[in-house]
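J.: I have a structure I would like to understand better, so I am pasting it below and will then ask my questions one at a time.
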Amino acid sequence: MSEARRIRVLPDSLVNKIAAGEVIERPASVVKELVENALDAGATRVEVEVDGGGRALIRVRDDGVGMSRDDALLCLERHATSKLSSDEDLFALRSLGFRGEAIPSIAEVSRFELTTGLCGQERGSRLVVDGGVIREVEDAPNAGGTEVVVRRLFFNVPVRLKFLRQPRTEMGHVVDVVTRIAMAHPGVGFSLRSGGRALVDAPVAGGLGERVRRLLGKRATSQLHDFHAEDDGWRAEGMLSDPSLHRSNNSGLFLYVNGRPVRDRTFVGAVLSAYRGVVPRGRYPTVVFFLDVPLDEVDHNVHPTKAEVRFRTGRKVWRFVSRVLDDALLRLSGTSPSPTMGQPPEVVSATVQAEELRLARSAREERPVYGQLGNLAGRAMDRAPAVLGAAAASDQATVTVAPAKSTVPDSTYALPIAAGQSASGRGCSGSLLSLARFAAVHQRGGLESLPAYADLEYIGAFARSFLLCAAGDELVVVDQHAAHECVLFERFRSHQAGQEARTQRLLMPELLELDASRVLALSDAQEALLGMGIELSVFGSDTVALHGVPAGLGAGRVRQAVGDMADQLVAGAESSRLDFVRYQLSAMLACHCAVRAGDPLSRDEARALLVQLDQTQHGSFGPYGRPVTVRFDRDQVVRWFVRD
């Protein structure tokens, strides 16, 4: 065996860097670890200051129990902790942290400074660590508690720096971390500042409701309602939103297990299942849910940062959480709660013909399909190699399919489908069949062979949602919302491409209450939004003032779109994907501002909409993949009436 391949013990510096990679993913991870340490030390006030998105500076100050000099030096050693004393403690966690890796890991990849002292003593200690090497140990004034200063994070690990996002995006993650921790500790005061601005200001609160109102804003919390439940040692407490309050992503889900913010697929799935059919598809509620379970029912040790948990019985979690929310939503509607337990959606199988899969793959490779349809086709082709292999070997393949938005774990690829399929799988097969056939028709140019929209003979409206038109021997049905969405999407996209957008100033500004991370994101995006005709300004730490909207659009609908835009901006994107973010913002604004199903259109308005469709680059599908038209030839119509 060569010398280069012999097993050896890694040096401490490399071990600490590996640990840093596990525990310290980004600046927000540093803030999380330091704030949790402050809470475990009994702090009643935690102050956080961040500059440069956390790369330049992170400062966390608390008034908890400080440390002696010996303990301060010892906390720089790996696996040194005051939070465990026996094996049993490992599986009955009551503290927020215990691994003893956070402090040495942070100190290994930064310029680190720790100032601390024991209560009642005049002098404290100050330690300075540079890339894991202790540089200074000296006396310092003892102000009580502990202050940790982290500068130049990842200065000696450049590969980690490459994976950090823009400062705005990293700052959004920091705000989210502080907000989620503060939500769980109303008896502790929290503040977060950056560049002289207060991003989180949460003084000591009298309870959960007061803390939630402070963090999420009065407008949002006016649509939140308390819930409480207890059953066999399991306890639930929190607040849930009216069905009318929803977001474009799941950033409004604040989920906790035994006081610790967590990410758990079963937990999230149970929450979303309660809202299925209550909020629009693709929208997410705001839910603050504190789940307290016996310590032996959950394992917090499955993730280095304890952000994920493992429940002993996932189905029991699903039933309890979904039942609690089902009952709370029924009470909101004035209906008596049902005793029926919430059940996870079933996973069913569907048979897909090999030719259908081939057509969908061919459509994607040779001619990308516009909008969400292309995304679905891409996911089907890219993430289901086993299906494609089976299809190639025979005339068909069986795919395991889970309901849309389902988080039920499955060992095979799960393709999202429309809700409400039968257990036989016929609905599932139909969904895949539609995807493949739509893609194939679009590839062959079938949809583009439609005559110019302006040449269609307008017959009238159906259900105040669809325009009925004739094209020779064909009946053409146009979805007015999808059509107007296409027109507006093209308009907003052209503004982003450099054409001037006209802004209509409002007589009185519209005030939008948002959480700090979304206000910060909109503030940084003011110039880009102005290019789309939206003029706004920051009006305090949790309010944005809307001064102008794109000409010809109602302020109410633009206001709704701005909230979704903030969600998208907080989610963040690499600069190389800026076009993708702009696409999404244009699509959101178009969807919110387009005429809705049920909005009556005059004959002239309907004709004008058809003429405008001809001026769009893509008139067959909207930006989210919804078809604009459905065509029926004469033979199909004749068959409806059972005629030869």
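The way I read the labels, and the way they are meant: chains A, B, ... in the order of the structure tokens, residue 1 as the first residue of every chain, and ligand 1 as the first ligand shown, with later ones counted on from there.
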Quick check for you: according to DSSP on this backbone, which residues of range 98-140 of chain A are classed as alpha helix (DSSP H)? Reply as a list in words.
T.: Ala102, Ile103, Pro104, Ser105, Ile106, Ala107 and Glu108 of chain A
J.: Could you name the residues that touch Leu216 in chain A at 12 Å or less, counting only C-alpha atoms, but leaving out those on the same chain fewer than 4 positions away, as a ChimeraX atom specification?
T.: /A:176,179-180,182-183,199-202,208-212,220-224,239,241,251-254,286-288,512-519,541-543
J.: Save the residues we just selected, N, CA and C atoms, as an mmCIF file, in the first residue's frame?
T.:
data_model
loop_
_atom_site.group_PDB
_atom_site.id
_atom_site.type_symbol
_atom_site.label_atom_id
_atom_site.label_comp_id
_atom_site.auth_asym_id
_atom_site.auth_seq_id
_atom_site.Cartn_x
_atom_site.Cartn_y
_atom_site.Cartn_z
ATOM 1 N N ASP A 176 -34.598 35.787 9.250
ATOM 2 C CA ASP A 176 -35.487 34.640 9.442
ATOM 3 C C ASP A 176 -35.093 33.843 10.678
ATOM 4 N N THR A 179 -35.984 35.845 13.836
ATOM 5 C CA THR A 179 -37.446 35.889 13.978
ATOM 6 C C THR A 179 -37.981 34.575 14.517
ATOM 7 N N ARG A 180 -37.502 33.465 13.973
ATOM 8 C CA ARG A 180 -38.021 32.162 14.393
ATOM 9 C C ARG A 180 -37.613 31.830 15.831
ATOM 10 N N ALA A 182 -36.928 34.156 18.179
ATOM 11 C CA ALA A 182 -37.652 35.104 19.026
ATOM 12 C C ALA A 182 -39.105 34.702 19.204
ATOM 13 N N MET A 183 -39.692 34.098 18.185
ATOM 14 C CA MET A 183 -41.094 33.666 18.270
ATOM 15 C C MET A 183 -41.288 32.683 19.416
ATOM 16 N N LEU A 199 -33.887 45.797 12.167
ATOM 17 C CA LEU A 199 -34.617 44.821 11.352
ATOM 18 C C LEU A 199 -35.548 43.967 12.199
ATOM 19 N N VAL A 200 -35.176 43.716 13.426
ATOM 20 C CA VAL A 200 -36.048 43.019 14.376
ATOM 21 C C VAL A 200 -35.961 43.785 15.697
ATOM 22 N N ASP A 201 -37.112 44.155 16.224
ATOM 23 C CA ASP A 201 -37.176 44.829 17.520
ATOM 24 C C ASP A 201 -38.322 44.203 18.293
ATOM 25 N N ALA A 202 -37.997 43.267 19.169
ATOM 26 C CA ALA A 202 -39.012 42.497 19.897
ATOM 27 C C ALA A 202 -38.728 42.571 21.388
ATOM 28 N N LEU A 208 -47.397 34.572 23.652
ATOM 29 C CA LEU A 208 -47.156 34.250 22.250
ATOM 30 C C LEU A 208 -47.856 35.225 21.325
ATOM 31 N N GLY A 209 -49.120 35.536 21.591
ATOM 32 C CA GLY A 209 -49.874 36.422 20.709
ATOM 33 C C GLY A 209 -49.219 37.775 20.555
ATOM 34 N N GLU A 210 -48.773 38.347 21.671
ATOM 35 C CA GLU A 210 -48.117 39.658 21.622
ATOM 36 C C GLU A 210 -46.813 39.582 20.842
ATOM 37 N N ARG A 211 -46.044 38.512 21.026
ATOM 38 C CA ARG A 211 -44.772 38.362 20.302
ATOM 39 C C ARG A 211 -45.029 38.181 18.810
ATOM 40 N N VAL A 212 -46.024 37.378 18.446
ATOM 41 C CA VAL A 212 -46.337 37.166 17.031
ATOM 42 C C VAL A 212 -46.756 38.481 16.381
ATOM 43 N N ALA A 220 -51.176 41.403 9.568
ATOM 44 C CA ALA A 220 -51.168 39.951 9.381
ATOM 45 C C ALA A 220 -51.819 39.243 10.562
ATOM 46 N N THR A 221 -51.463 39.691 11.774
ATOM 47 C CA THR A 221 -51.965 38.983 12.953
ATOM 48 C C THR A 221 -53.445 39.255 13.208
ATOM 49 N N SER A 222 -54.001 40.294 12.557
ATOM 50 C CA SER A 222 -55.446 40.494 12.689
ATOM 51 C C SER A 222 -56.219 39.363 12.023
ATOM 52 N N GLN A 223 -55.537 38.620 11.146
ATOM 53 C CA GLN A 223 -56.165 37.481 10.473
ATOM 54 C C GLN A 223 -55.643 36.145 10.995
ATOM 55 N N LEU A 224 -54.980 36.170 12.160
ATOM 56 C CA LEU A 224 -54.507 34.949 12.807
ATOM 57 C C LEU A 224 -55.378 34.652 14.023
ATOM 58 N N MET A 239 -51.039 29.789 16.405
ATOM 59 C CA MET A 239 -51.952 30.671 15.700
ATOM 60 C C MET A 239 -51.990 30.236 14.241
ATOM 61 N N SER A 241 -53.864 31.092 10.200
ATOM 62 C CA SER A 241 -54.414 32.195 9.419
ATOM 63 C C SER A 241 -55.782 31.873 8.864
ATOM 64 N N SER A 251 -42.803 30.394 3.609
ATOM 65 C CA SER A 251 -42.057 31.157 4.609
ATOM 66 C C SER A 251 -42.929 31.572 5.784
ATOM 67 N N GLY A 252 -44.240 31.441 5.657
ATOM 68 C CA GLY A 252 -45.136 31.778 6.756
ATOM 69 C C GLY A 252 -45.391 30.624 7.704
ATOM 70 N N LEU A 253 -44.715 29.498 7.508
ATOM 71 C CA LEU A 253 -44.860 28.363 8.420
ATOM 72 C C LEU A 253 -43.777 28.445 9.499
ATOM 73 N N PHE A 254 -44.199 28.610 10.738
ATOM 74 C CA PHE A 254 -43.291 28.661 11.879
ATOM 75 C C PHE A 254 -43.594 27.440 12.747
ATOM 76 N N THR A 286 -50.276 31.018 6.707
ATOM 77 C CA THR A 286 -49.396 31.417 7.798
ATOM 78 C C THR A 286 -49.828 30.642 9.038
ATOM 79 N N VAL A 287 -48.920 29.853 9.590
ATOM 80 C CA VAL A 287 -49.233 29.025 10.751
ATOM 81 C C VAL A 287 -48.061 29.066 11.716
ATOM 82 N N VAL A 288 -48.339 29.402 12.970
ATOM 83 C CA VAL A 288 -47.361 29.297 14.053
ATOM 84 C C VAL A 288 -47.804 28.117 14.903
ATOM 85 N N LEU A 512 -48.219 48.960 3.306
ATOM 86 C CA LEU A 512 -48.215 47.500 3.408
ATOM 87 C C LEU A 512 -47.392 47.102 4.620
ATOM 88 N N GLU A 513 -48.003 46.401 5.555
ATOM 89 C CA GLU A 513 -47.266 45.876 6.708
ATOM 90 C C GLU A 513 -46.682 44.525 6.351
ATOM 91 N N LEU A 514 -45.358 44.406 6.459
ATOM 92 C CA LEU A 514 -44.654 43.167 6.142
ATOM 93 C C LEU A 514 -43.636 42.902 7.238
ATOM 94 N N ASP A 515 -43.124 41.672 7.281
ATOM 95 C CA ASP A 515 -42.069 41.406 8.249
ATOM 96 C C ASP A 515 -40.764 42.018 7.758
ATOM 97 N N ALA A 516 -39.789 42.113 8.668
ATOM 98 C CA ALA A 516 -38.556 42.862 8.393
ATOM 99 C C ALA A 516 -37.792 42.326 7.184
ATOM 100 N N SER A 517 -37.742 41.011 7.015
ATOM 101 C CA SER A 517 -36.960 40.450 5.904
ATOM 102 C C SER A 517 -37.567 40.841 4.561
ATOM 103 N N ARG A 518 -38.895 40.883 4.478
ATOM 104 C CA ARG A 518 -39.534 41.252 3.213
ATOM 105 C C ARG A 518 -39.405 42.750 2.945
ATOM 106 N N VAL A 519 -39.461 43.575 3.997
ATOM 107 C CA VAL A 519 -39.239 45.014 3.822
ATOM 108 C C VAL A 519 -37.828 45.258 3.309
ATOM 109 N N SER A 541 -39.542 50.030 9.938
ATOM 110 C CA SER A 541 -38.894 48.717 9.852
ATOM 111 C C SER A 541 -39.839 47.622 9.381
ATOM 112 N N ASP A 542 -41.163 47.843 9.476
ATOM 113 C CA ASP A 542 -42.102 46.786 9.096
ATOM 114 C C ASP A 542 -43.194 47.279 8.159
ATOM 115 N N THR A 543 -42.937 48.374 7.431
ATOM 116 C CA THR A 543 -43.956 48.941 6.549
ATOM 117 C C THR A 543 -43.316 49.446 5.269
#
J.: Between A:Arg319, A:Arg559, A:Arg6, A:Arg247, which is the closest to Asp231 in chain A once you count only C-alpha atoms?
T.: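 Among the listed residues, the smallest separation from Asp231 in chain A belongs to A:Arg319.
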J.: For CA of Asp63 in chain A and CA of Arg45 in chain A, determine how far apart the two atoms are, in Å to one decimal place.
T.: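 Separation of CA of Asp63 in chain A and CA of Arg45 in chain A: 6.0 Å.
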J.: Excluding Glu230 in chain A and its own-chain neighbours fewer than 4 positions away, which residues fall within 12 Å of it when counting only C-alpha atoms? Please give them as a compact mmCIF listing (two decimals) with N, CA and C atoms, in the first residue's frame.
T.:
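The new file selection.txt reads:
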# COMPACT_ATOMS: atom_id res chain seq x y z
N TRP A 234 -49.52 14.85 24.39
CA TRP A 234 -49.15 15.69 23.26
C TRP A 234 -49.90 17.01 23.39
N ARG A 235 -49.21 18.10 23.16
CA ARG A 235 -49.82 19.41 23.34
C ARG A 235 -49.53 20.29 22.13
N ALA A 236 -50.52 21.04 21.69
CA ALA A 236 -50.37 21.95 20.56
C ALA A 236 -50.85 23.34 20.96
N GLU A 237 -50.11 24.34 20.54
CA GLU A 237 -50.48 25.72 20.79
C GLU A 237 -49.96 26.56 19.64
N PHE A 290 -46.67 25.31 17.81
CA PHE A 290 -45.76 24.75 18.81
C PHE A 290 -46.28 23.37 19.22
N LEU A 291 -45.50 22.37 18.88
CA LEU A 291 -45.85 20.98 19.20
C LEU A 291 -44.95 20.50 20.33
N ASP A 292 -45.56 20.15 21.45
CA ASP A 292 -44.81 19.60 22.59
C ASP A 292 -45.15 18.13 22.73
N VAL A 293 -44.13 17.28 22.66
CA VAL A 293 -44.33 15.84 22.75
C VAL A 293 -43.40 15.29 23.83
N PHE A 320 -52.22 13.91 14.56
CA PHE A 320 -52.44 14.89 15.62
C PHE A 320 -52.43 16.31 15.06
N VAL A 321 -51.41 16.64 14.25
CA VAL A 321 -51.27 18.00 13.73
C VAL A 321 -52.42 18.34 12.79
N ARG A 323 -55.36 16.98 12.62
CA ARG A 323 -56.64 17.04 13.34
C ARG A 323 -56.79 18.36 14.07
N VAL A 324 -55.70 18.82 14.72
CA VAL A 324 -55.75 20.09 15.46
C VAL A 324 -56.09 21.23 14.52
J.: Would you mind telling me which residue in A:Ala606, A:Val35, A:Val109, A:Ala454 lies nearest to Leu468 in chain A when using only C-alpha atoms?
T.: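 Looking only at the distances to Leu468 in chain A, the closest residue turns out to be A:Ala606.
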J.: Measuring atom to atom with only C-alpha atoms, identify which of A:Gly172, A:Pro550, A:Gly120, A:Pro104 is nearest to Ala28 in chain A.
T.: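 Of the candidates, the smallest distance to Ala28 in chain A is held by A:Gly172.
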J.: Find the distance between CA of Ala483 in chain A and CA of Val628 in chain A and write it in Å to one decimal.
T.: 5.5 Å
J.: Could you pull the residues within 9 Å of range 633-643 of chain A, counting only C-alpha atoms, minus those fewer than 3 positions along the same chain, as a list of chain:residue names?
T.: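 Returned residues: A:Asp473, A:Glu474, A:Leu475, A:Val476.
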J.: For the residues in that selection, give me N, CA and C atoms as an mmCIF file, in the first residue's frame.
T.:
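This is the output file out20.cif:
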data_model
loop_
_atom_site.group_PDB
_atom_site.id
_atom_site.type_symbol
_atom_site.label_atom_id
_atom_site.label_comp_id
_atom_site.auth_asym_id
_atom_site.auth_seq_id
_atom_site.Cartn_x
_atom_site.Cartn_y
_atom_site.Cartn_z
ATOM 1 N N ASP A 473 -64.288 25.684 -39.142
ATOM 2 C CA ASP A 473 -65.063 24.572 -38.599
ATOM 3 C C ASP A 473 -64.674 24.234 -37.166
ATOM 4 N N GLU A 474 -63.937 25.101 -36.503
ATOM 5 C CA GLU A 474 -63.496 24.819 -35.137
ATOM 6 C C GLU A 474 -64.153 25.778 -34.148
ATOM 7 N N LEU A 475 -64.435 25.233 -32.956
ATOM 8 C CA LEU A 475 -64.875 26.046 -31.828
ATOM 9 C C LEU A 475 -63.646 26.301 -30.956
ATOM 10 N N VAL A 476 -63.360 27.558 -30.669
ATOM 11 C CA VAL A 476 -62.184 27.939 -29.891
ATOM 12 C C VAL A 476 -62.645 28.617 -28.605
#
J.: Go through A:Asp604, A:Glu510, A:Glu77, A:Asp524 and flag the residue nearest Gly548 in chain A, using only C-alpha atoms for the distances.
T.: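 Smallest separation from Gly548 in chain A among the options: A:Glu510.
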J.: Restricting the calculation to only C-alpha atoms: of A:Ala143, A:Leu601, A:Ile106, A:Ala525, which residue gets closest to Glu122 in chain A?
T.: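 Among the listed residues, the smallest separation from Glu122 in chain A belongs to A:Ala143.
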J.: When you draw a straight line from CA of Arg197 in chain A to CA of Pro167 in chain A, how long is it in Å?
T.: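 Computing the Euclidean distance for CA of Arg197 in chain A and CA of Pro167 in chain A yields 14.9 Å.
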J.: Could you give me, as a list in words, the residues within 8 Å of Arg55 in chain A, counting only C-alpha atoms and dropping anything in the same chain fewer than 5 positions from it?
T.: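 Once the nearby chain positions are removed, what remains is Pro27, Arg151, Arg152, Leu153 and Phe154 of chain A.
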J.: Need to verify the contact set: Val149 in chain A, 12 Å, only C-alpha atoms, exclusion of same-chain residues closer than 5 positions in sequence. Can you return it as a PyMOL selection string?
T.: chain A and resi 30-31+34+47-51+54-62+103+106-107+110-116+126-130
